[in-house]
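Novice: File protein.cif follows (mmCIF, C-alpha atoms):
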data_work
loop_
_atom_site.label_atom_id
_atom_site.label_comp_id
_atom_site.auth_asym_id
_atom_site.auth_seq_id
_atom_site.Cartn_x
_atom_site.Cartn_y
_atom_site.Cartn_z
CA MET V 1 0.00 0.00 0.00
CA LYS V 2 1.21 3.48 -0.86
CA VAL V 3 -0.91 6.58 -0.44
CA THR V 4 -0.34 10.33 -0.11
CA LEU V 5 -2.83 12.93 1.10
CA GLU V 6 -3.19 16.35 2.70
CA ARG V 7 -2.49 16.46 6.44
CA ALA V 8 -5.65 18.58 7.03
CA ALA V 9 -7.94 16.03 5.34
CA LEU V 10 -6.36 13.10 7.18
CA LEU V 11 -6.53 14.91 10.53
CA LYS V 12 -10.19 15.78 10.12
CA SER V 13 -11.10 12.17 9.29
CA LEU V 14 -8.99 10.75 12.11
CA GLY V 15 -10.65 13.28 14.41
CA HIS V 16 -14.00 11.71 13.53
CA VAL V 17 -13.05 8.03 13.66
CA HIS V 18 -10.54 7.82 16.52
CA ARG V 19 -13.15 8.96 19.09
CA VAL V 20 -14.94 5.63 18.73
CA VAL V 21 -11.80 3.70 19.73
CA GLU V 22 -11.66 2.96 23.45
CA ARG V 23 -8.36 3.89 25.13
CA ARG V 24 -8.17 0.52 26.88
CA ASN V 25 -8.80 -2.60 24.86
CA THR V 26 -8.31 -6.26 25.69
CA ILE V 27 -8.58 -7.02 21.95
CA PRO V 28 -5.57 -5.36 20.21
CA ILE V 29 -7.25 -4.93 16.79
CA LEU V 30 -9.96 -2.73 18.38
CA SER V 31 -7.25 -0.17 19.25
CA ASN V 32 -6.56 0.23 15.54
CA VAL V 33 -8.06 2.15 12.65
CA LEU V 34 -8.49 0.35 9.33
CA LEU V 35 -6.97 2.11 6.30
CA GLN V 36 -8.03 1.02 2.81
CA ALA V 37 -6.49 2.71 -0.21
CA ALA V 38 -8.19 2.17 -3.57
CA GLY V 39 -8.98 4.22 -6.67
CA ARG V 40 -8.48 7.87 -5.68
CA SER V 41 -9.47 7.67 -2.04
CA LEU V 42 -8.52 6.39 1.38
CA LEU V 43 -11.18 4.80 3.58
CA LEU V 44 -10.78 4.96 7.36
CA LYS V 45 -12.81 2.74 9.69
CA ALA V 46 -12.93 2.32 13.49
CA THR V 47 -15.18 0.27 15.76
CA ASP V 48 -15.76 -0.76 19.38
CA LEU V 49 -18.04 -3.64 18.24
CA ASP V 50 -21.17 -1.61 19.21
CA LEU V 51 -20.42 1.42 17.08
CA GLU V 52 -18.66 1.68 13.73
CA ILE V 53 -17.62 4.79 11.83
CA THR V 54 -16.20 5.02 8.31
CA GLU V 55 -15.03 8.02 6.33
CA THR V 56 -13.67 8.35 2.81
CA VAL V 57 -11.12 11.06 1.88
CA ALA V 58 -9.57 11.99 -1.42
CA ALA V 59 -6.00 10.71 -1.75
CA ASP V 60 -3.26 10.01 -4.29
CA VAL V 61 -3.06 6.21 -4.30
CA GLY V 62 0.26 4.90 -5.64
CA GLN V 63 -0.54 1.33 -4.73
CA ALA V 64 -3.87 -0.01 -3.52
CA GLY V 65 -3.93 -1.97 -0.28
CA ALA V 66 -5.11 -2.07 3.29
CA THR V 67 -3.73 -2.21 6.82
CA THR V 68 -4.59 -1.21 10.39
CA LEU V 69 -2.68 1.21 12.67
CA PRO V 70 -3.03 2.28 16.33
CA ALA V 71 -5.77 4.92 16.14
CA HIS V 72 -4.78 7.27 18.95
CA THR V 73 -1.07 7.15 18.08
CA LEU V 74 -1.75 7.90 14.42
CA TYR V 75 -4.09 10.76 15.37
CA ASP V 76 -1.50 12.29 17.71
CA ILE V 77 1.25 12.07 15.07
CA VAL V 78 -0.85 13.72 12.35
CA ARG V 79 -2.11 16.36 14.80
CA LYS V 80 1.48 17.39 15.59
CA LEU V 81 2.57 17.68 11.95
CA PRO V 82 2.79 21.23 10.54
CA ASP V 83 -0.15 22.84 8.73
CA GLY V 84 -0.16 22.36 4.97
CA ALA V 85 1.99 19.23 5.13
CA GLN V 86 1.60 16.19 2.89
CA VAL V 87 1.45 12.78 4.56
CA SER V 88 2.70 9.64 2.87
CA LEU V 89 1.78 6.16 4.15
CA GLU V 90 3.71 3.24 2.73
CA GLN V 91 3.68 -0.45 3.58
CA SER V 92 5.67 -3.04 1.68
CA GLY V 93 5.57 -6.78 2.13
CA GLU V 94 4.21 -8.61 5.17
CA GLY V 95 6.58 -7.08 7.72
CA GLY V 96 3.86 -5.74 9.96
CA GLN V 97 5.25 -2.21 9.80
CA LEU V 98 4.18 0.95 8.00
CA LEU V 99 6.30 3.99 7.17
CA LEU V 100 4.69 7.40 7.65
CA ARG V 101 6.56 10.30 6.05
CA SER V 102 5.84 14.01 6.16
CA GLY V 103 8.48 16.63 5.33
CA ARG V 104 11.54 15.65 7.35
CA SER V 105 9.58 13.47 9.76
CA ARG V 106 9.67 9.66 9.61
CA PHE V 107 7.61 7.31 11.74
CA THR V 108 7.67 3.52 11.61
CA LEU V 109 4.42 2.15 13.06
CA GLN V 110 3.42 -1.38 14.01
CA SER V 111 0.46 -2.56 11.98
CA LEU V 112 -1.95 -5.46 12.30
CA PRO V 113 -3.42 -7.28 9.27
CA GLU V 114 -6.69 -5.83 7.94
CA THR V 115 -8.13 -9.37 7.74
CA ASP V 116 -8.41 -9.34 11.56
CA PHE V 117 -10.49 -6.16 11.58
CA PRO V 118 -14.13 -6.81 12.61
CA ASP V 119 -17.05 -5.74 10.47
CA LEU V 120 -20.25 -4.52 12.12
CA ASN V 121 -22.64 -6.10 9.65
CA ALA V 122 -25.73 -3.91 9.61
CA GLY V 123 -27.89 -6.35 7.67
CA ASP V 124 -31.10 -5.10 6.10
CA LEU V 125 -32.15 -1.66 7.34
CA SER V 126 -35.91 -1.51 6.79
CA HIS V 127 -36.68 2.21 7.14
CA LYS V 128 -34.80 5.01 5.39
CA PHE V 129 -35.41 8.73 5.65
CA VAL V 130 -33.62 12.07 5.54
CA LEU V 131 -33.50 14.83 8.17
CA PRO V 132 -31.99 18.31 7.90
CA ALA V 133 -28.96 18.62 10.22
CA GLY V 134 -30.79 21.26 12.29
CA ASP V 135 -33.76 18.96 12.94
CA LEU V 136 -31.62 16.02 14.08
CA LYS V 137 -29.60 18.39 16.25
CA LYS V 138 -32.82 19.60 17.89
CA LEU V 139 -34.07 16.06 18.57
CA ILE V 140 -30.80 15.19 20.29
CA GLU V 141 -29.95 18.41 22.14
CA LYS V 142 -33.36 18.83 23.70
CA THR V 143 -33.45 15.27 25.09
CA GLN V 144 -29.84 14.17 25.62
CA PHE V 145 -29.47 15.71 29.11
CA ALA V 146 -32.23 13.45 30.48
CA ILE V 147 -30.57 10.16 29.43
CA SER V 148 -30.03 7.94 32.48
CA THR V 149 -26.47 7.12 33.52
CA GLU V 150 -27.62 4.25 35.74
CA GLU V 151 -26.23 1.14 34.09
CA THR V 152 -28.68 -1.22 35.83
CA ARG V 153 -31.55 0.46 33.96
CA TYR V 154 -29.78 -0.03 30.65
CA TYR V 155 -33.00 0.52 28.65
CA LEU V 156 -32.91 4.20 29.78
CA ASN V 157 -29.29 4.69 28.65
CA GLY V 158 -30.26 6.24 25.32
CA ILE V 159 -32.81 8.24 23.34
CA PHE V 160 -36.03 6.46 22.36
CA MET V 161 -37.00 7.44 18.81
CA HIS V 162 -40.25 6.43 17.15
CA THR V 163 -43.15 7.70 15.07
CA THR V 164 -46.59 8.27 16.54
CA ASP V 165 -49.96 9.72 15.60
CA SER V 166 -50.59 13.04 17.32
CA GLY V 167 -53.73 15.02 16.55
CA GLY V 168 -54.15 13.36 13.17
CA HIS V 169 -50.53 14.01 12.13
CA THR V 170 -47.67 11.50 12.08
CA MET V 171 -44.84 12.82 14.23
CA LEU V 172 -41.23 11.72 14.73
CA ARG V 173 -40.63 11.77 18.46
CA ALA V 174 -37.49 11.56 20.63
CA VAL V 175 -37.78 10.80 24.36
CA ALA V 176 -35.28 10.40 27.20
CA THR V 177 -35.80 9.92 30.92
CA ASP V 178 -33.79 8.99 34.02
CA GLY V 179 -36.81 8.48 36.25
CA HIS V 180 -36.52 11.96 37.81
CA ARG V 181 -37.12 13.99 34.66
CA LEU V 182 -38.38 13.33 31.17
CA ALA V 183 -37.72 15.17 27.91
CA ARG V 184 -39.90 14.73 24.83
CA VAL V 185 -39.55 16.56 21.53
CA GLU V 186 -41.37 15.94 18.27
CA MET V 187 -41.58 17.16 14.69
CA PRO V 188 -43.52 16.16 11.57
CA ALA V 189 -42.35 12.70 10.50
CA PRO V 190 -40.17 12.80 7.36
CA GLN V 191 -41.08 10.69 4.35
CA GLY V 192 -39.99 7.08 4.88
CA SER V 193 -40.11 7.16 8.68
CA PRO V 194 -43.77 6.28 9.45
CA GLY V 195 -44.02 2.72 10.74
CA MET V 196 -40.36 2.57 11.74
CA PRO V 197 -39.61 0.38 14.77
CA GLY V 198 -39.32 2.21 18.09
CA VAL V 199 -35.56 2.21 18.74
CA ILE V 200 -33.31 3.15 21.68
CA ILE V 201 -30.14 4.85 20.38
CA PRO V 202 -27.30 4.35 22.92
CA ARG V 203 -25.68 7.30 24.68
CA LYS V 204 -22.28 6.87 22.98
CA ALA V 205 -23.88 6.82 19.52
CA VAL V 206 -25.95 9.90 20.42
CA THR V 207 -22.77 11.74 21.51
CA GLU V 208 -20.93 10.87 18.28
CA VAL V 209 -23.89 11.83 16.08
CA GLN V 210 -24.08 15.17 17.90
CA LYS V 211 -20.38 15.86 17.24
CA LEU V 212 -20.73 14.91 13.56
CA ILE V 213 -23.73 17.24 13.17
CA GLU V 214 -21.45 20.15 14.10
CA ASP V 215 -19.44 19.47 10.92
CA SER V 216 -22.51 19.04 8.72
CA GLU V 217 -24.74 21.67 7.13
CA SER V 218 -26.62 19.34 4.83
CA GLU V 219 -29.26 16.68 5.17
CA ILE V 220 -28.46 13.52 7.09
CA GLY V 221 -29.50 10.08 5.88
CA ILE V 222 -30.95 7.84 8.60
CA GLU V 223 -31.59 4.10 8.25
CA MET V 224 -33.18 1.93 10.93
CA SER V 225 -33.90 -1.70 11.67
CA THR V 226 -34.90 -3.34 14.94
CA THR V 227 -31.24 -3.89 15.91
CA LYS V 228 -29.14 -1.26 14.10
CA ALA V 229 -29.19 2.41 13.11
CA ARG V 230 -27.07 4.13 10.48
CA PHE V 231 -26.43 7.86 10.05
CA THR V 232 -24.83 9.18 6.87
CA PHE V 233 -23.15 12.61 6.90
CA GLY V 234 -21.76 12.98 3.36
CA ASN V 235 -18.53 10.93 3.39
CA VAL V 236 -18.96 9.88 7.03
CA VAL V 237 -21.11 6.86 7.92
CA LEU V 238 -21.85 5.93 11.55
CA THR V 239 -23.50 2.57 12.28
CA SER V 240 -24.60 1.63 15.79
CA LYS V 241 -26.17 -1.32 17.52
CA LEU V 242 -29.36 -0.35 19.34
CA ILE V 243 -30.14 -1.00 23.00
CA ASP V 244 -31.91 -4.34 23.21
CA GLY V 245 -34.65 -3.51 25.70
CA THR V 246 -38.15 -2.10 26.07
CA PHE V 247 -38.48 1.61 26.72
CA PRO V 248 -41.14 2.27 29.38
CA ASP V 249 -44.60 3.60 28.48
CA TYR V 250 -43.55 7.23 29.00
CA ALA V 251 -47.01 8.62 28.10
CA ARG V 252 -48.29 7.35 31.46
CA VAL V 253 -46.00 9.71 33.39
CA ILE V 254 -46.89 12.84 31.41
CA PRO V 255 -49.69 14.53 33.38
CA THR V 256 -52.65 15.82 31.37
CA ASN V 257 -54.76 17.39 34.14
CA ASN V 258 -52.31 19.77 35.83
CA ASP V 259 -54.56 22.83 36.18
CA LYS V 260 -52.30 25.32 38.05
CA ARG V 261 -50.44 27.43 35.48
CA LEU V 262 -47.35 29.44 36.34
CA THR V 263 -45.73 31.64 33.69
CA VAL V 264 -42.34 33.13 34.52
CA GLU V 265 -39.63 35.05 32.66
CA ARG V 266 -37.18 32.27 31.80
CA GLY V 267 -33.86 34.12 32.14
CA SER V 268 -34.72 35.77 35.48
CA PHE V 269 -36.02 32.47 36.86
CA ALA V 270 -32.90 30.52 35.85
CA GLN V 271 -30.61 33.16 37.35
CA ALA V 272 -32.59 33.21 40.60
CA VAL V 273 -32.51 29.39 40.88
CA ASP V 274 -28.76 29.46 40.24
CA ARG V 275 -28.20 32.12 42.91
CA VAL V 276 -30.22 30.56 45.73
CA SER V 277 -28.91 27.06 45.00
CA THR V 278 -25.41 28.27 45.90
CA ILE V 279 -26.43 27.60 49.50
CA SER V 280 -27.85 24.13 48.89
CA SER V 281 -26.02 20.97 49.87
CA GLU V 282 -24.43 19.32 46.86
CA ARG V 283 -26.24 16.08 47.66
CA GLY V 284 -29.78 17.43 47.83
CA ARG V 285 -29.72 20.61 45.76
CA ALA V 286 -33.41 21.12 46.58
CA VAL V 287 -34.94 24.55 45.95
CA LYS V 288 -38.40 25.38 47.28
CA LEU V 289 -40.91 27.29 45.13
CA ALA V 290 -43.61 29.06 47.15
CA ILE V 291 -46.14 30.28 44.57
CA THR V 292 -48.93 32.71 45.42
CA ASP V 293 -50.98 35.16 43.39
CA GLY V 294 -48.50 37.02 41.14
CA LYS V 295 -45.46 36.13 43.25
CA LEU V 296 -42.89 33.32 43.35
CA THR V 297 -40.54 32.95 46.32
CA LEU V 298 -37.50 30.74 45.78
CA SER V 299 -35.78 29.53 48.93
CA VAL V 300 -33.05 27.15 50.02
CA THR V 301 -32.21 26.19 53.59
CA ASN V 302 -29.04 24.32 54.45
CA PRO V 303 -28.35 23.57 58.13
CA ASP V 304 -24.59 23.70 57.44
CA SER V 305 -24.29 26.93 55.47
CA GLY V 306 -27.41 29.08 55.95
CA SER V 307 -30.36 30.04 53.79
CA ALA V 308 -31.21 32.04 50.68
CA VAL V 309 -34.46 33.65 49.47
CA GLU V 310 -35.36 35.46 46.25
CA GLU V 311 -38.68 36.79 44.98
CA LEU V 312 -39.92 37.06 41.39
CA GLU V 313 -43.04 38.56 39.85
CA VAL V 314 -44.94 35.88 37.93
CA ASP V 315 -48.23 35.24 36.18
CA TYR V 316 -50.18 32.91 38.50
CA ASP V 317 -53.79 33.08 39.69
CA ALA V 318 -54.46 29.58 41.09
CA PRO V 319 -54.47 28.48 44.77
CA ALA V 320 -51.12 28.91 46.54
CA ILE V 321 -48.72 25.97 46.37
CA ASP V 322 -45.30 25.09 47.85
CA ILE V 323 -43.25 22.61 45.82
CA GLY V 324 -39.56 21.57 45.74
CA PHE V 325 -37.33 20.66 42.82
CA ASN V 326 -33.72 19.67 42.20
CA ALA V 327 -32.06 22.96 41.22
CA ARG V 328 -29.74 21.31 38.68
CA TYR V 329 -32.68 19.69 36.91
CA LEU V 330 -34.58 23.00 36.80
CA LEU V 331 -31.58 24.71 35.20
CA ASP V 332 -31.09 21.86 32.69
CA ILE V 333 -34.69 22.15 31.54
CA THR V 334 -34.93 25.96 31.40
CA SER V 335 -31.73 26.05 29.33
CA GLN V 336 -33.50 23.93 26.67
CA LEU V 337 -36.50 26.24 26.29
CA ASP V 338 -36.50 28.51 23.23
CA SER V 339 -38.80 31.35 24.26
CA ASP V 340 -38.35 34.11 26.85
CA THR V 341 -41.00 32.61 29.11
CA ALA V 342 -41.42 29.25 30.82
CA LEU V 343 -44.83 27.68 31.44
CA PHE V 344 -45.15 25.39 34.48
CA LYS V 345 -48.26 23.22 34.78
CA LEU V 346 -48.59 22.08 38.39
CA ALA V 347 -50.99 19.79 40.29
CA ASP V 348 -49.80 19.37 43.87
CA PRO V 349 -46.48 19.17 45.82
CA GLY V 350 -46.19 15.41 45.28
CA SER V 351 -47.06 15.14 41.58
CA PRO V 352 -44.95 15.62 38.46
CA THR V 353 -44.88 19.06 36.86
CA VAL V 354 -44.95 19.79 33.11
CA ILE V 355 -42.62 22.53 31.78
CA GLN V 356 -42.89 23.98 28.26
CA ASP V 357 -42.30 27.15 26.28
CA ARG V 358 -46.06 27.38 25.81
CA ASP V 359 -49.06 25.11 25.23
CA GLY V 360 -48.50 22.86 22.22
CA ALA V 361 -44.75 23.53 22.00
CA SER V 362 -42.76 20.83 20.18
CA ALA V 363 -40.65 20.16 23.30
CA LEU V 364 -42.18 19.08 26.62
CA TYR V 365 -40.46 18.33 29.93
CA VAL V 366 -41.71 16.50 33.01
CA LEU V 367 -40.01 16.99 36.38
CA MET V 368 -40.60 15.01 39.56
CA PRO V 369 -40.78 17.14 42.74
CA MET V 370 -38.56 16.77 45.82
CA ARG V 371 -39.57 16.94 49.45
CA VAL V 372 -38.52 20.26 51.03
#
Please, can you express the file's structure as C-alpha cells?
Specialist:
Amino acid sequence: MKVTLERAALLKSLGHVHRVVERRNTIPILSNVLLQAAGRSLLLKATDLDLEITETVAADVGQAGATTLPAHTLYDIVRKLPDGAQVSLEQSGEGGQLLLRSGRSRFTLQSLPETDFPDLNAGDLSHKFVLPAGDLKKLIEKTQFAISTEETRYYLNGIFMHTTDSGGHTMLRAVATDGHRLARVEMPAPQGSPGMPGVIIPRKAVTEVQKLIEDSESEIGIEMSTTKARFTFGNVVLTSKLIDGTFPDYARVIPTNNDKRLTVERGSFAQAVDRVSTISSERGRAVKLAITDGKLTLSVTNPDSGSAVEELEVDYDAPAIDIGFNARYLLDITSQLDSDTALFKLADPGSPTVIQDRDGASALYVLMPMRV
C-alpha cells in the first residue's frame, strides 16, 4: 500500500473516527483504525463492536492496499505535523510495519493485518429517511441531558426514537428519561419514517452523532432496523447497535390534568434558581418554590451553610402551592427552552410538573418534585 494525502484532510477524518476507539482494549485490533487505499481515495474505519464509523477522503493512491494502525497514536502524530503538510503512508511486504513520512519526519508504526479487523454487519435496514442537520440536532440536544447514567436500567441509557400519531398528524418523536425527569420533543415525520420500529439509540452513539452534526450543514440520511441504526453525513457513515430492551410507556407519566399554570420570565427564573442554590447541599440541591398570586418565592435552607431567598413577579392566579425541585434539573430544563417565558403546569407538591415554552410547544419536559 502506498498513499499520499493532505495532512488537514487526514486529521479531520482521524478526528471523527478515533473517538470511537476505546483507550483501553483487551482485543488489540480494536485499538486500531483500518486504512483502505483504492482508486483515488482512502477509507478509514474504526469500531468498538457496538459502534462503527467510516469516512472516505480523497488521496493520491500509488498502490492499492489495506492495513490497520493504532488509532490514537496515528491521530496524535498527524495532529502534531505542521499545517499544509503532505502525509505519505507506505507499507511493503508482510513485515507488519508501516512507514509514515511528512516533510523531514519519519515514523515507523506497528500494523496489524486488515483481515483481523471486525465488520459490524448492519444487515437489512428496513426504514430510510432524511432529516436536515438542524432537525436532528434539535431532537438530540433537547433530550440528551435526560438520558439515564444508571447502568442497571440499561434501557434508559439512550434516546427512544419512534413515530406516533398526534392530533391526526404522524410525528417523529425523541424521548429520554432517568426516572426523575423526562424530555420529549417531536416534529412532523419525514417521508420514509412512518411505521419505523421504536428504537433506543445508545448514549455513545448519540454523543458521536451530535459531534458529527457540528461538521454538517446538509441533510443527514438515517436508516433503521430493529437492531441497528445508520447515520450518513456525506462521506462519514456511523452505524450503531441499538439497545436491546423495552423503553417504558412514557405517556403514562406525562400529566394531562395539571390545572395550576405558572408563567415566569425564563432568564430571570434561571438566574434566581442558580443564585439561591449556591447555599444548597451538593447532595440534595433542593430549591423550594412558594407560589402565590402574582409572586414566586424561591428559597433554600441548608443547616450547614445558611439560607437564601429570592422573589420574582410571575403570572399565577391559582391556589397557593409550595413545591420543591432539584435545582440542577430545573436549570437543565430551562436552558433547553426557546422562548423568553417558561410555562409550568402544576398539580400538587407530590405530583410531576410539566414545563414547556407554551401550550402545544414541540418540546415538553416533566419533572418530579422533591420533598422540602
Novice: Step by step, work through what the PyMOL selection byres ((chain V and resi 187) around 9) selects in the shown file, and finish by giving those residues as a list in words.
Specialist: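 So the PyMOL selection byres ((chain V and resi 187) around 9), applied here, picks out Asp135, Leu139, Thr170, Met171, Leu172, Arg173, Val185, Glu186, Pro188, Ala189, Pro190 and Ser362 of chain V.
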Novice: Step by step, work through what the PyMOL selection byres ((chain V and resi 218-225) around 10) selects in the shown file, and finish by giving those residues as an MDAnalysis selection string.
Specialist: chainID V and resid 122:136 192:193 196:199 213 215:217 226:234 237:242
Novice: Counting only C-alpha atoms, which residues of range 62-160 of chain V fall within 7 Å of range 19-39 of chain V, and what is the closest atom pair for each with its distance in Å at one decimal, ordered by chain and rising number, as JSON lines?
Specialist:
{"residue": "V:Ala64", "atom": "CA", "partner": "V:Ala38", "partner_atom": "CA", "distance": 4.8}
{"residue": "V:Gly65", "atom": "CA", "partner": "V:Ala37", "partner_atom": "CA", "distance": 5.3}
{"residue": "V:Ala66", "atom": "CA", "partner": "V:Gln36", "partner_atom": "CA", "distance": 4.3}
{"residue": "V:Thr67", "atom": "CA", "partner": "V:Leu35", "partner_atom": "CA", "distance": 5.4}
{"residue": "V:Thr68", "atom": "CA", "partner": "V:Leu34", "partner_atom": "CA", "distance": 4.3}
{"residue": "V:Leu69", "atom": "CA", "partner": "V:Asn32", "partner_atom": "CA", "distance": 4.9}
{"residue": "V:Pro70", "atom": "CA", "partner": "V:Asn32", "partner_atom": "CA", "distance": 4.2}
{"residue": "V:Ala71", "atom": "CA", "partner": "V:Asn32", "partner_atom": "CA", "distance": 4.8}
{"residue": "V:Leu112", "atom": "CA", "partner": "V:Ile29", "partner_atom": "CA", "distance": 7.0}
{"residue": "V:Glu114", "atom": "CA", "partner": "V:Leu34", "partner_atom": "CA", "distance": 6.6}
{"residue": "V:Asp116", "atom": "CA", "partner": "V:Ile29", "partner_atom": "CA", "distance": 6.9}
{"residue": "V:Phe117", "atom": "CA", "partner": "V:Ile29", "partner_atom": "CA", "distance": 6.3}
Novice: If you apply the PyMOL selection byres ((chain V and resi 293) around 6) to this file, what residues do you get, as a CSV table (one decimal) with C-alpha atoms, in the frame of the given file?
Specialist:
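Result went into result-v7.csv, see below:
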chain,number,residue,atom,x,y,z
V,292,THR,CA,-48.9,32.7,45.4
V,294,GLY,CA,-48.5,37.0,41.1
V,295,LYS,CA,-45.5,36.1,43.2
V,316,TYR,CA,-50.2,32.9,38.5
V,317,ASP,CA,-53.8,33.1,39.7
Novice: Which residue is closest to Ala205 in chain V? Choose from V:Leu296, V:Arg181, V:Ala342, V:Thr47 and count all atoms listed in the file.
Specialist: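 So, comparing all the options, the nearest one is V:Thr47.
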Novice: Could you tell me how far CA of Gly62 in chain V lies from CA of Leu120 in chain V, in Å and to one decimal?
Specialist: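 Spanning CA of Gly62 in chain V to CA of Leu120 in chain V is a straight-line distance of 28.7 Å.
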Novice: Distance CA of Ala58 in chain V-CA of Ala85 in chain V, one decimal place?
Specialist: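 Those two atoms sit 15.1 Å apart.
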Novice: Could you check which of V:Gly179, V:Pro248, V:Gly103, V:Gly195 is closest to Tyr155 in chain V, using all atoms listed in the file?
Specialist: V:Pro248
Novice: For Pro202 in chain V, which of V:Glu313, V:Asp348, V:Asp259, V:Asp50 is the closest residue, counting all atoms listed in the file?
Specialist: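 Result for the nearest residue to Pro202 in chain V: V:Asp50.
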Novice: With only C-alpha atoms as the counted atoms, please give the residues lying no more than 7 Å from Lys2 in chain V, apart from itself and same-chain residues fewer than 6 positions off, as a PDB file with C-alpha atoms, in the coordinates of the input.
Specialist:
ATOM      1  CA  VAL V  61      -3.060   6.210  -4.300  1.00  0.00           C
ATOM      2  CA  GLY V  62       0.260   4.900  -5.640  1.00  0.00           C
ATOM      3  CA  GLN V  63      -0.540   1.330  -4.730  1.00  0.00           C
ATOM      4  CA  ALA V  64      -3.870  -0.010  -3.520  1.00  0.00           C
ATOM      5  CA  LEU V  89       1.780   6.160   4.150  1.00  0.00           C
ATOM      6  CA  GLU V  90       3.710   3.240   2.730  1.00  0.00           C
ATOM      7  CA  GLN V  91       3.680  -0.450   3.580  1.00  0.00           C
TER       8      GLN V  91
END
Novice: Which residue out of V:Asp274, V:Asp332, V:Asp60, V:Glu52 has the minimum interatomic distance to Glu208 in chain V when only C-alpha atoms are used?
Specialist: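 Checking each candidate against Glu208 in chain V, we get V:Glu52 as the closest.
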Novice: Select, from V:Val236, V:Met161, V:Leu109, V:Val78, the residue with the minimum atom-to-atom distance to Lys45 in chain V, counting all atoms listed in the file.
Specialist: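 Under the stated criterion, the closest residue is V:Val236.
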Novice: So which one's closest to Arg328 in chain V, V:Val273, V:Val206, V:Val366, V:Ile140? Using only C-alpha atoms, please.
Specialist: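 Ranked by minimum distance to Arg328 in chain V, first place goes to V:Val273.
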Novice: How many Å separate CA of Asn121 in chain V from CA of Glu55 in chain V?
Specialist: 16.4 Å
